[in-house]
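For reference, the structure is listed below as structure tokens.
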Amino acid sequence: MSEEKTLSISDLVVEYHTDHGVVHAVNGVSLGLEARETLGLVGETGAGKTTIAMSILKILPTPPAKIVSGEVKFEGQDIMKMDSHDLRKVRGNKISMIFQDPMTALNPVFTIGEQIAEGIHLHQNLKKGDAEIKAMEMLEMVGIRRERFTDYPHQFSGGMKQRAIIAIALACNPKLLLADEPTTALDVTIQAQVLDLIGELKERLNTAMILITHDLGVVAKSCDKVAIIYAGQIFEYGTKFQVYAETRHPYTQGLFDSLPSINKEVPRLKPIPGLMPNPMDLPAGCPFHPRCPRAMAECSERAINPTDLGDGHWVRCINPIN
Amino acid sequence: MSTPLLEVKELSKYFETPYGLLHAVDHVNFKIDRGKTLGVVGESGCGKTTLGRTILHLLDSTRGKIFFEGEDITHVNRKRLKELRAQMQIIFQDPYSSLNPRMTISETIGEPLRLVKNLKGEELSREVRRLMDVVGLAQRFINTYPHELDGGRRQRIGIARALALNPKFIVCDEPVSALDVSIQAQVINLLLDLQDEWGLTYIFITHDLSVVRYLSDEICVMYLGQVVEKCDADELFRNPLHSYTQALLSAIPSPDIFDKTERVLLQGELASPVNPKPGCRFYPRCRNGCEDCLKPLELVEVSPGHHVACHRYSF
Ligand SMILES: Nc1ncnc2c1ncn2[C@@H]1O[C@H](COP(=O)(O)OP(=O)(O)O)[C@@H](O)[C@H]1O
Ligand SMILES: Nc1ncnc2c1ncn2[C@@H]1O[C@H](COP(=O)(O)OP(=O)(O)O)[C@@H](O)[C@H]1O
Ligand SMILES: [Mg+2]
Ligand SMILES: [Mg+2]
């Protein structure tokens, strides 16, 4: 018997219907995640990363969001078809999410301890007292002293808040952690602490993770697999080695060329020309073709399907770098 | 030797707070030559913005001196300040909040031209269009409002506005931090081209060390209001001496997957410099600390042009 994938998304299409038009946020995304694997989902603002994560948890605001098609299977079960009762059992328990902004993810009127204990109490059938003991253990596991259990969020620094959020997210030993830009709001030295902590806990608890970020450096440090997303489509997918060292998509290459390096002198940055397309009015064909240095006539004429390059590496481009 | 374009001596800015006196900028010294860029790096709250604003007289200094082209401008009258303002400009971090939402692009860029240079009519609009060209904003945006544009274009408006009065010196306060990488690179290249063409002198403030290496001639590393290390940009990355600089450099996740450098993890978090004691402010987090660190210390030149404030290097 082959082991069931922790997560498999196929052909996900999500739109937002607004007064100004239809935002094509996610346009046919397929992804799989094995148990214990870490996938880095990398893309610029508006690429659809958060929308994908929210689709996995089925917490999109509908309306305006509309899941047009697609299947999201968690341990073989289709989340899209679950009723609210089943969903509650999955959310926060088997799948949990760390949101981008640590400042808004905590409730200001409850103590940190209460907020960690609540999830444990709800999901693990533990009595209040036992849940509190487990919560204190979690707090220590993320490197915060027990005495801070009764503190309120405003008494915590940014880095400590993010640790507390990690404690909440991991309190129920989830199978899958969705971390949406978990360190973007933090200073680099604190970011390094938090990334190390997430990596270590993930290892200890056997959790699979999707790490959403715009930072190729963060992915290089923490991920096994990498997916590069642009305008709601995965452009390139593979192991970290494949995507970083055997880059095939011109957009992926463009991202690398845009980065100043701390290790060497770069004579001049090579930015990707132009801007992200308007998601209400995406270019026909490959949405990157107007900015692409390798674009050919065909790129604007038809939808581009992924090409399998072997060994699990694939690219959505008909004129990839070789 | 020619006069530096800008020099600050023992520049300090303290804020009164309910908890005591906050030493946001404390005894900072540096010179910048014409056409050069001084990078200022450090984590949030270390005093970068306060330093930039104090130099531009947007905040009053508490102590120390500021020289612009050799002239002591620490205390100047209103008339002179107005003249200086034309020559010393600022580009803000947040292109979203630093522009007036009710002004079109042409009004925003034209405002300083109208108020200071007294331009009007055709002359004014010609100059606005020229500035839009300089920063790469297409003419079709001339009558749009900031909210109709993306972050990269908004930052270009901020740059055009800063350039309007033909400044010699610009404080760039995290001008690319809010932008996506591909757009960030466009704006960085624009700033470099403008520096070449106009002979501009920059202070470039950022928390992003890779950006600062790329842009700067010299770099100051700040920690809790003080400069802890100052040297040539490449030297800082080749040979960082202060434990804080080393930790900061090693904390940056490198996009090079073959980079196997061991990371030095810093423990603890930034405090705030309220009523600071003498001695090294980094001491509580430093892995190389000893009793000497509690004694007062200064920035010392340990090799030509390389300054560091650490007892391990003060002989
Ligand atoms: N609630 C919403 N209503 C309308 N459009 C939205 C909403 N949320 C996101 N979008 C749009 O959907 C697209 C994808 O957004 P998002 O998933 O947040 O991207 P990312 O997380 O990669 O920055 C963007 O164009 C964004 O503006
Ligand atoms: N107007 C003010 N009143 C009191 N404290 C301030 C004020 N402005 C800044 N500070 C404090 O001064 C220190 C330096 O702040 P800032 O210059 O903004 O740092 P940075 O730009 O490096 O993040 C911080 O501790 C900050 O809280
Ligand atoms: Mg997002
Ligand atoms: Mg600042």
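Convention: chains lettered A, B, ... in structure tokens order; per-chain residue numbering from 1; ligands numbered from 1 as shown.
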- prompt: Got a sec: who's within 12 Å of stretch 102-117 of chain A, counting only C-alpha atoms, leaving out chain neighbours fewer than 6 positions off, as a PyMOL selection string?
  reply: chain A and resi 92+123-140+142+144-172+179-186
Export of the given selection (C-alpha atoms) as a PDB file, in the first residue's frame:
```
ATOM      1  CA  GLY A  92      -6.728  23.953  14.326  1.00  0.00           C
ATOM      2  CA  HIS A 123      -9.701  19.675  20.214  1.00  0.00           C
ATOM      3  CA  GLN A 124      -8.093  17.193  22.517  1.00  0.00           C
ATOM      4  CA  ASN A 125     -10.911  16.429  24.932  1.00  0.00           C
ATOM      5  CA  LEU A 126      -8.759  17.537  27.825  1.00  0.00           C
ATOM      6  CA  LYS A 127     -10.228  19.098  30.949  1.00  0.00           C
ATOM      7  CA  LYS A 128      -9.508  22.799  31.506  1.00  0.00           C
ATOM      8  CA  GLY A 129      -6.821  22.114  34.111  1.00  0.00           C
ATOM      9  CA  ASP A 130      -5.030  19.528  31.987  1.00  0.00           C
ATOM     10  CA  ALA A 131      -5.244  21.771  28.959  1.00  0.00           C
ATOM     11  CA  GLU A 132      -3.558  24.509  30.966  1.00  0.00           C
ATOM     12  CA  ILE A 133      -0.719  22.227  31.944  1.00  0.00           C
ATOM     13  CA  LYS A 134      -0.213  21.231  28.321  1.00  0.00           C
ATOM     14  CA  ALA A 135      -0.377  24.921  27.338  1.00  0.00           C
ATOM     15  CA  MET A 136       2.388  25.767  29.798  1.00  0.00           C
ATOM     16  CA  GLU A 137       4.518  23.029  28.302  1.00  0.00           C
ATOM     17  CA  MET A 138       3.925  24.454  24.844  1.00  0.00           C
ATOM     18  CA  LEU A 139       4.910  27.915  26.039  1.00  0.00           C
ATOM     19  CA  GLU A 140       8.186  26.563  27.362  1.00  0.00           C
ATOM     20  CA  VAL A 142       8.688  27.863  22.205  1.00  0.00           C
ATOM     21  CA  ILE A 144       8.905  31.538  26.812  1.00  0.00           C
ATOM     22  CA  ARG A 145       9.054  31.181  30.581  1.00  0.00           C
ATOM     23  CA  ARG A 146       6.024  29.696  32.391  1.00  0.00           C
ATOM     24  CA  GLU A 147       5.602  32.848  34.452  1.00  0.00           C
ATOM     25  CA  ARG A 148       4.457  34.679  31.324  1.00  0.00           C
ATOM     26  CA  PHE A 149       1.413  32.386  31.043  1.00  0.00           C
ATOM     27  CA  THR A 150      -0.902  35.005  32.550  1.00  0.00           C
ATOM     28  CA  ASP A 151       0.466  37.925  30.518  1.00  0.00           C
ATOM     29  CA  TYR A 152      -1.673  39.689  27.927  1.00  0.00           C
ATOM     30  CA  PRO A 153      -0.502  40.066  24.308  1.00  0.00           C
ATOM     31  CA  HIS A 154       0.433  43.746  24.730  1.00  0.00           C
ATOM     32  CA  GLN A 155       3.012  42.705  27.317  1.00  0.00           C
ATOM     33  CA  PHE A 156       4.828  40.651  24.689  1.00  0.00           C
ATOM     34  CA  SER A 157       7.328  41.890  22.106  1.00  0.00           C
ATOM     35  CA  GLY A 158       6.786  41.112  18.407  1.00  0.00           C
ATOM     36  CA  GLY A 159       9.072  38.092  18.488  1.00  0.00           C
ATOM     37  CA  MET A 160       7.405  36.691  21.609  1.00  0.00           C
ATOM     38  CA  LYS A 161       3.943  37.148  20.111  1.00  0.00           C
ATOM     39  CA  GLN A 162       5.010  35.153  17.088  1.00  0.00           C
ATOM     40  CA  ARG A 163       6.349  32.427  19.387  1.00  0.00           C
ATOM     41  CA  ALA A 164       3.040  32.348  21.227  1.00  0.00           C
ATOM     42  CA  ILE A 165       1.213  32.026  17.911  1.00  0.00           C
ATOM     43  CA  ILE A 166       3.461  29.111  16.999  1.00  0.00           C
ATOM     44  CA  ALA A 167       2.638  27.519  20.356  1.00  0.00           C
ATOM     45  CA  ILE A 168      -1.083  27.865  19.603  1.00  0.00           C
ATOM     46  CA  ALA A 169      -0.639  26.474  16.100  1.00  0.00           C
ATOM     47  CA  LEU A 170       1.331  23.446  17.235  1.00  0.00           C
ATOM     48  CA  ALA A 171      -0.479  22.751  20.496  1.00  0.00           C
ATOM     49  CA  CYS A 172      -2.609  19.994  18.970  1.00  0.00           C
ATOM     50  CA  ALA A 179       2.716  29.254   7.825  1.00  0.00           C
ATOM     51  CA  ASP A 180       1.808  32.423   5.919  1.00  0.00           C
ATOM     52  CA  GLU A 181       4.810  34.785   5.944  1.00  0.00           C
ATOM     53  CA  PRO A 182       5.435  33.933   9.604  1.00  0.00           C
ATOM     54  CA  THR A 183       8.540  36.086   9.884  1.00  0.00           C
ATOM     55  CA  THR A 184       7.947  38.924   7.445  1.00  0.00           C
ATOM     56  CA  ALA A 185       7.087  41.387  10.214  1.00  0.00           C
ATOM     57  CA  LEU A 186      10.126  40.479  12.323  1.00  0.00           C
TER      58      LEU A 186
END
```
Which residues of chain A have any atom within 10 Å of an atom in ligand 1 when counting only C-alpha atoms and all ligand atoms, and what is the closest pair of atoms for each, with the distance in Å to one decimal? Order the rows by chain and rising number and write it as JSON lines.
```
{"residue": "A:Val14", "atom": "CA", "partner": "ligand 1", "partner_atom_place_in_ligand_line": "12 (O)", "distance": 8.7}
{"residue": "A:Glu15", "atom": "CA", "partner": "ligand 1", "partner_atom_place_in_ligand_line": "12 (O)", "distance": 7.4}
{"residue": "A:Tyr16", "atom": "CA", "partner": "ligand 1", "partner_atom_place_in_ligand_line": "4 (C)", "distance": 4.9}
{"residue": "A:His17", "atom": "CA", "partner": "ligand 1", "partner_atom_place_in_ligand_line": "4 (C)", "distance": 6.7}
{"residue": "A:Thr18", "atom": "CA", "partner": "ligand 1", "partner_atom_place_in_ligand_line": "4 (C)", "distance": 6.0}
{"residue": "A:Asp19", "atom": "CA", "partner": "ligand 1", "partner_atom_place_in_ligand_line": "4 (C)", "distance": 9.2}
{"residue": "A:His20", "atom": "CA", "partner": "ligand 1", "partner_atom_place_in_ligand_line": "4 (C)", "distance": 9.4}
{"residue": "A:Gly21", "atom": "CA", "partner": "ligand 1", "partner_atom_place_in_ligand_line": "4 (C)", "distance": 9.2}
{"residue": "A:Val22", "atom": "CA", "partner": "ligand 1", "partner_atom_place_in_ligand_line": "4 (C)", "distance": 8.2}
{"residue": "A:Val23", "atom": "CA", "partner": "ligand 1", "partner_atom_place_in_ligand_line": "5 (N)", "distance": 5.9}
{"residue": "A:His24", "atom": "CA", "partner": "ligand 1", "partner_atom_place_in_ligand_line": "12 (O)", "distance": 6.8}
{"residue": "A:Ala25", "atom": "CA", "partner": "ligand 1", "partner_atom_place_in_ligand_line": "13 (C)", "distance": 4.2}
{"residue": "A:Val26", "atom": "CA", "partner": "ligand 1", "partner_atom_place_in_ligand_line": "14 (C)", "distance": 7.1}
{"residue": "A:Leu41", "atom": "CA", "partner": "ligand 1", "partner_atom_place_in_ligand_line": "22 (O)", "distance": 9.2}
{"residue": "A:Val42", "atom": "CA", "partner": "ligand 1", "partner_atom_place_in_ligand_line": "22 (O)", "distance": 8.3}
{"residue": "A:Gly43", "atom": "CA", "partner": "ligand 1", "partner_atom_place_in_ligand_line": "22 (O)", "distance": 6.2}
{"residue": "A:Glu44", "atom": "CA", "partner": "ligand 1", "partner_atom_place_in_ligand_line": "22 (O)", "distance": 6.0}
{"residue": "A:Thr45", "atom": "CA", "partner": "ligand 1", "partner_atom_place_in_ligand_line": "23 (O)", "distance": 3.7}
{"residue": "A:Gly46", "atom": "CA", "partner": "ligand 1", "partner_atom_place_in_ligand_line": "19 (O)", "distance": 3.5}
{"residue": "A:Ala47", "atom": "CA", "partner": "ligand 1", "partner_atom_place_in_ligand_line": "22 (O)", "distance": 3.8}
{"residue": "A:Gly48", "atom": "CA", "partner": "ligand 1", "partner_atom_place_in_ligand_line": "17 (O)", "distance": 3.3}
{"residue": "A:Lys49", "atom": "CA", "partner": "ligand 1", "partner_atom_place_in_ligand_line": "22 (O)", "distance": 3.7}
{"residue": "A:Thr50", "atom": "CA", "partner": "ligand 1", "partner_atom_place_in_ligand_line": "21 (O)", "distance": 3.6}
{"residue": "A:Thr51", "atom": "CA", "partner": "ligand 1", "partner_atom_place_in_ligand_line": "17 (O)", "distance": 3.6}
{"residue": "A:Ile52", "atom": "CA", "partner": "ligand 1", "partner_atom_place_in_ligand_line": "17 (O)", "distance": 6.5}
{"residue": "A:Ala53", "atom": "CA", "partner": "ligand 1", "partner_atom_place_in_ligand_line": "17 (O)", "distance": 8.1}
{"residue": "A:Met54", "atom": "CA", "partner": "ligand 1", "partner_atom_place_in_ligand_line": "17 (O)", "distance": 8.3}
{"residue": "A:Ser55", "atom": "CA", "partner": "ligand 1", "partner_atom_place_in_ligand_line": "17 (O)", "distance": 9.7}
{"residue": "A:Leu60", "atom": "CA", "partner": "ligand 1", "partner_atom_place_in_ligand_line": "1 (N)", "distance": 8.1}
{"residue": "A:Pro61", "atom": "CA", "partner": "ligand 1", "partner_atom_place_in_ligand_line": "1 (N)", "distance": 6.6}
{"residue": "A:Thr62", "atom": "CA", "partner": "ligand 1", "partner_atom_place_in_ligand_line": "1 (N)", "distance": 8.7}
{"residue": "A:Pro63", "atom": "CA", "partner": "ligand 1", "partner_atom_place_in_ligand_line": "1 (N)", "distance": 8.3}
{"residue": "A:Pro64", "atom": "CA", "partner": "ligand 1", "partner_atom_place_in_ligand_line": "3 (N)", "distance": 5.8}
{"residue": "A:Ala65", "atom": "CA", "partner": "ligand 1", "partner_atom_place_in_ligand_line": "1 (N)", "distance": 6.6}
{"residue": "A:Gln100", "atom": "CA", "partner": "ligand 1", "partner_atom_place_in_ligand_line": "21 (O)", "distance": 9.2}
{"residue": "A:Asp180", "atom": "CA", "partner": "ligand 1", "partner_atom_place_in_ligand_line": "21 (O)", "distance": 7.9}
{"residue": "A:Glu181", "atom": "CA", "partner": "ligand 1", "partner_atom_place_in_ligand_line": "21 (O)", "distance": 8.8}
{"residue": "A:Ile212", "atom": "CA", "partner": "ligand 1", "partner_atom_place_in_ligand_line": "21 (O)", "distance": 8.2}
{"residue": "A:Thr213", "atom": "CA", "partner": "ligand 1", "partner_atom_place_in_ligand_line": "22 (O)", "distance": 8.5}
{"residue": "A:His214", "atom": "CA", "partner": "ligand 1", "partner_atom_place_in_ligand_line": "22 (O)", "distance": 8.4}
{"residue": "A:Ile229", "atom": "CA", "partner": "ligand 1", "partner_atom_place_in_ligand_line": "22 (O)", "distance": 8.1}
{"residue": "A:Tyr230", "atom": "CA", "partner": "ligand 1", "partner_atom_place_in_ligand_line": "22 (O)", "distance": 8.3}
{"residue": "A:Ala231", "atom": "CA", "partner": "ligand 1", "partner_atom_place_in_ligand_line": "14 (C)", "distance": 7.7}
{"residue": "A:Gly232", "atom": "CA", "partner": "ligand 1", "partner_atom_place_in_ligand_line": "14 (C)", "distance": 7.2}
{"residue": "A:Met276", "atom": "CA", "partner": "ligand 1", "partner_atom_place_in_ligand_line": "25 (O)", "distance": 9.6}
{"residue": "A:Pro277", "atom": "CA", "partner": "ligand 1", "partner_atom_place_in_ligand_line": "25 (O)", "distance": 9.2}
{"residue": "A:Asn278", "atom": "CA", "partner": "ligand 1", "partner_atom_place_in_ligand_line": "25 (O)", "distance": 7.4}
{"residue": "A:Pro279", "atom": "CA", "partner": "ligand 1", "partner_atom_place_in_ligand_line": "25 (O)", "distance": 5.3}
{"residue": "A:Met280", "atom": "CA", "partner": "ligand 1", "partner_atom_place_in_ligand_line": "25 (O)", "distance": 7.8}
```
query: Please, which residues of chain B lie no more than 9 Å from chain A when the count uses only C-alpha atoms, and can they be set out as a PyMOL selection string?
result: chain B and resi 43-44+150+152+179-186+188-189+207-214+234+237-238+247-257+263+265-269
message: If the limit is 10 Å from any atom of ligand 2, counting only C-alpha atoms and all ligand atoms, which residues qualify? Return them as a PyMOL selection string.
response: chain B and resi 13-18+21-25+40-54+59+93+173-174+205-207+222-225+270-274
Atoms to include: N, CA and C atoms. Write the selected residues as a tab-separated table (two decimals), in the first residue's frame.
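Output contents, as saved in again30.tsv:
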```
chain	number	residue	atom	x	y	z
B	13	LYS	N	20.05	62.57	19.79
B	13	LYS	CA	18.65	62.97	19.91
B	13	LYS	C	18.01	62.12	21.01
B	14	TYR	N	17.57	62.76	22.08
B	14	TYR	CA	16.92	62.04	23.17
B	14	TYR	C	15.44	62.42	23.20
B	15	PHE	N	14.61	61.46	23.55
B	15	PHE	CA	13.19	61.74	23.73
B	15	PHE	C	12.83	61.59	25.21
B	16	GLU	N	12.03	62.53	25.71
B	16	GLU	CA	11.48	62.37	27.06
B	16	GLU	C	10.35	61.34	26.96
B	17	THR	N	10.39	60.32	27.79
B	17	THR	CA	9.28	59.37	27.81
B	17	THR	C	8.86	59.19	29.26
B	18	PRO	N	7.68	58.62	29.49
B	18	PRO	CA	7.22	58.39	30.87
B	18	PRO	C	8.20	57.52	31.66
B	21	LEU	N	14.59	59.11	29.97
B	21	LEU	CA	15.13	59.70	28.76
B	21	LEU	C	15.56	58.60	27.78
B	22	LEU	N	14.96	58.62	26.59
B	22	LEU	CA	15.25	57.58	25.61
B	22	LEU	C	16.34	58.07	24.66
B	23	HIS	N	17.47	57.40	24.67
B	23	HIS	CA	18.60	57.82	23.84
B	23	HIS	C	18.47	57.22	22.44
B	24	ALA	N	17.63	57.83	21.61
B	24	ALA	CA	17.32	57.26	20.30
B	24	ALA	C	18.54	57.33	19.37
B	25	VAL	N	19.27	58.44	19.45
B	25	VAL	CA	20.52	58.59	18.70
B	25	VAL	C	21.54	59.14	19.68
B	40	VAL	N	23.06	53.02	6.49
B	40	VAL	CA	22.83	52.92	7.93
B	40	VAL	C	21.95	51.70	8.15
B	41	VAL	N	22.48	50.70	8.86
B	41	VAL	CA	21.71	49.48	9.09
B	41	VAL	C	21.53	49.19	10.57
B	42	GLY	N	20.52	48.42	10.85
B	42	GLY	CA	20.24	48.02	12.22
B	42	GLY	C	18.78	47.62	12.30
B	43	GLU	N	18.43	46.97	13.41
B	43	GLU	CA	17.07	46.47	13.52
B	43	GLU	C	16.11	47.58	13.93
B	44	SER	N	14.81	47.30	13.87
B	44	SER	CA	13.85	48.36	14.14
B	44	SER	C	14.05	48.91	15.55
B	45	GLY	N	13.94	50.21	15.65
B	45	GLY	CA	14.09	50.86	16.94
B	45	GLY	C	15.50	51.26	17.28
B	46	CYS	N	16.47	51.00	16.39
B	46	CYS	CA	17.86	51.33	16.73
B	46	CYS	C	18.18	52.80	16.47
B	47	GLY	N	17.25	53.55	15.88
B	47	GLY	CA	17.47	54.99	15.75
B	47	GLY	C	17.74	55.49	14.34
B	48	LYS	N	17.56	54.65	13.34
B	48	LYS	CA	17.89	55.04	11.97
B	48	LYS	C	17.04	56.21	11.49
B	49	THR	N	15.72	56.09	11.65
B	49	THR	CA	14.83	57.15	11.19
B	49	THR	C	15.07	58.43	11.97
B	50	THR	N	15.24	58.31	13.26
B	50	THR	CA	15.50	59.49	14.09
B	50	THR	C	16.78	60.19	13.64
B	51	LEU	N	17.81	59.41	13.32
B	51	LEU	CA	19.06	59.98	12.84
B	51	LEU	C	18.83	60.78	11.55
B	52	GLY	N	18.15	60.18	10.59
B	52	GLY	CA	17.89	60.85	9.32
B	52	GLY	C	17.09	62.13	9.51
B	53	ARG	N	16.06	62.06	10.35
B	53	ARG	CA	15.20	63.22	10.55
B	53	ARG	C	15.90	64.34	11.31
B	54	THR	N	16.78	63.95	12.22
B	54	THR	CA	17.51	64.97	12.98
B	54	THR	C	18.47	65.72	12.06
B	59	LEU	N	13.59	66.99	13.16
B	59	LEU	CA	13.59	66.88	14.62
B	59	LEU	C	14.73	67.76	15.12
B	93	GLN	N	9.92	55.54	3.67
B	93	GLN	CA	9.73	54.11	3.54
B	93	GLN	C	8.41	53.76	2.87
B	173	ASP	N	14.96	56.72	3.50
B	173	ASP	CA	14.60	55.95	4.69
B	173	ASP	C	13.81	54.71	4.29
B	174	GLU	N	14.48	53.60	4.17
B	174	GLU	CA	13.88	52.32	3.77
B	174	GLU	C	13.01	52.46	2.51
B	205	ILE	N	19.06	54.30	4.51
B	205	ILE	CA	18.68	53.62	5.75
B	205	ILE	C	17.93	52.35	5.41
B	206	THR	N	18.32	51.25	6.01
B	206	THR	CA	17.59	50.01	5.74
B	206	THR	C	17.87	48.99	6.82
B	207	HIS	N	17.00	47.99	6.92
B	207	HIS	CA	17.33	46.87	7.80
B	207	HIS	C	17.82	45.70	6.95
B	222	MET	N	24.10	50.30	13.46
B	222	MET	CA	23.62	50.90	14.71
B	222	MET	C	23.00	49.86	15.62
B	223	TYR	N	23.17	50.07	16.91
B	223	TYR	CA	22.50	49.24	17.90
B	223	TYR	C	22.06	50.14	19.04
B	224	LEU	N	20.77	50.16	19.32
B	224	LEU	CA	20.20	50.99	20.39
B	224	LEU	C	20.77	52.40	20.43
B	225	GLY	N	20.73	53.07	19.31
B	225	GLY	CA	21.09	54.49	19.26
B	225	GLY	C	22.54	54.79	18.98
B	270	LEU	N	15.73	43.04	21.37
B	270	LEU	CA	16.14	44.42	21.60
B	270	LEU	C	15.42	45.01	22.80
B	271	ALA	N	16.17	45.71	23.63
B	271	ALA	CA	15.55	46.48	24.70
B	271	ALA	C	15.29	47.87	24.15
B	272	SER	N	14.95	48.84	24.99
B	272	SER	CA	14.90	50.19	24.46
B	272	SER	C	15.84	51.04	25.28
B	273	PRO	N	16.54	51.96	24.61
B	273	PRO	CA	17.63	52.67	25.29
B	273	PRO	C	17.12	53.80	26.20
B	274	VAL	N	16.37	53.44	27.25
B	274	VAL	CA	15.90	54.43	28.21
B	274	VAL	C	16.89	54.48	29.36
```
query: To one decimal place, how far is atom CA of A:Val226 from atom CA of A:Arg291 in Å?
result: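 We find that atom CA of A:Val226 and atom CA of A:Arg291 lie 22.3 Å from each other.
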message: Based on the backbone DSSP call, show me all residues of stretch 102-302 of chain A assigned helix (DSSP H, G or I), as a ChimeraX atom specification.
response: /A:102-105,112-124,128-141,146-150,153-155,158-170,188-205,216-222,240-245,250-258,289-291,297-300
query: atom CA of B:Ser303 and atom CA of B:Val228 are how many Å apart?
result: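 Atom CA of B:Ser303 sits 15.0 Å away from atom CA of B:Val228.
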Residue contacts of B:Gln226 (7 Å, only C-alpha atoms) excluding same-chain residues fewer than 6 positions away, as a PyMOL selection string: chain B and resi 25-28
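As for atom CA of B:Gly305 and atom CA of B:Ile219, they are spaced 10.9 Å apart.
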